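Worksheet: one structure, shown below.
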Amino acid sequence: MSIKEETLNYYETNAVNFVKSTINADMRFNRGKFLDRIPERGSILDFGCGSGRDTKVFLEMGYVVEAVDGCRELCEIAARYAGISVKQMDFLELNEKEKYDGIWACSSVLHLPYEELKVVMVKIAEALKKNGVVYVSFKYGNFEGWRNGRYFTDMMEDGVRRLMEEIDGMSVEEMWVTADVREGRGDERWVNVVGRKNR
């Protein structure tokens, strides 16, 4: 099995437990930093939407939202929870051009090997409108490889900055480190970044 197939297989097998552990996570702080930069009724892509937790909030706040995930089971759960159709899609299949005011990639693209991550970040930049923003989060560290049945690319501030600066027309607007908000996981840290498309 490939990295993608094995990681998606983990989510297909553990979808219900994954949703239970993440659907009530308090993401208001990070969402706020992202939404402060999105125009009223702006268009958002929830890129790797998982349970549909954030999709539902974005919709309730009046944004125009599309949601995608690679895992079929999670797409079905998220569609029921958020009340919209959720497309099953590989991250590398993103081919939109200047469509979204914001792309929310919360704890999602961190499952890509670094070389694929760079390709997907370019696709994200292309899918954003001029002055659009992307939110991305990674587990904090320098590790890349398998952990608990899934592939992870961890990042620290310098790595995130380097990744963003390699993309033509993108810049880091804000970066911050947070503790994990899931119950019993407060000792884990995450690096969060908002990048902006300047062209």
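Each chain of the structure tokens is named A, B, ... in the order shown, its residues numbered from 1; ligands are numbered from 1 in display order.
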Practice task
Extract the full set of strand (DSSP E or B) residues from stretch 3-198 of chain A according to DSSP on the backbone, and format it as a VMD selection string.
Solution key: chain A and resid 43 to 47 64 to 69 86 to 88 100 to 105 128 to 140 144 to 147 150 to 153 155 170 to 179 189 to 197
Problem - Near-stretch 51-54 of chain A list (8 Å; only C-alpha atoms; drop same-chain fewer than 5 positions) as a ChimeraX atom specification - result: /A:19,22-24,46,67,74-75,77-79,81-82
Exercise for the section: With a distance cut-off of 8 Å and only C-alpha atoms, select the neighbouring residues of stretch 96-98 of chain A, excluding the residue or stretch itself and same-chain residues fewer than 2 positions from it, and output the selection as a list of chain:residue names. Expected result: A:Leu94, A:Tyr100, A:Lys123, A:Glu126, A:Ala127, A:Leu128, A:Lys129, A:Lys130
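Shell of A:Val122 at 12 Å, with only C-alpha atoms counted and residues fewer than 4 places along the chain excluded, is Phe91, Leu92, Leu94, Asn95, Glu96, Lys97, Glu115, Glu116, Leu117, Lys118, Glu126, Ala127, Leu128, Val134, Leu163, Met164, Glu165, Glu166, Ile167, Asp168, Gly169, Met170 and Lys197 of chain A.
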Handout entry: Shortest interatomic distance to A:Leu45 - which of A:Glu144, A:Glu73, A:Asp101, A:Asp154, counting only C-alpha atoms
Key =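 Using only C-alpha atoms, the shortest distance to A:Leu45 belongs to A:Asp101.
If you look at atom CA of A:Val65 and atom CA of A:Ser137, they are 19.4 Å away from each other.
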Exercise for the section: Compile the contact shell of A:Gly145 as a VMD selection string: residues with an atom at most 10 Å away, counting only C-alpha atoms, same-chain residues fewer than 4 positions apart removed. Expected result: chain A and resid 3 111 to 113 150 to 154
Practice task
Determine, counting only C-alpha atoms, which protein, DNA and RNA residues have an atom within 10 Å of an atom of A:Phe34; residues of the same chain fewer than 3 positions away are not included. Present the result as a count of residues only.
Solution key: 17
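Atom CA of A:Val68 to atom CA of A:Gln88 spans 5.7 Å [interatomic distance, one decimal].
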Problem - One-decimal distance in Å that lies between atom CA of A:Trp190 and atom CA of A:Trp176 - result: 8.4 Å
Exercise for the section: Per DSSP on the backbone, filter chain A down to the residues in alpha helix (DSSP H) and report them as an NGL selection string. Expected result: :A and (3-22 or 28-35 or 53-60 or 72-82 or 114-127 or 157-165)
Problem - A:Arg41 surroundings by only C-alpha atoms, 10 Å radius, close-in-sequence under 4 positions cut, as a list in words - result: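 Returned residues: Phe58, Leu59, Met61, Gly62, Tyr63, Val64, Val65 and Asp101 of chain A.
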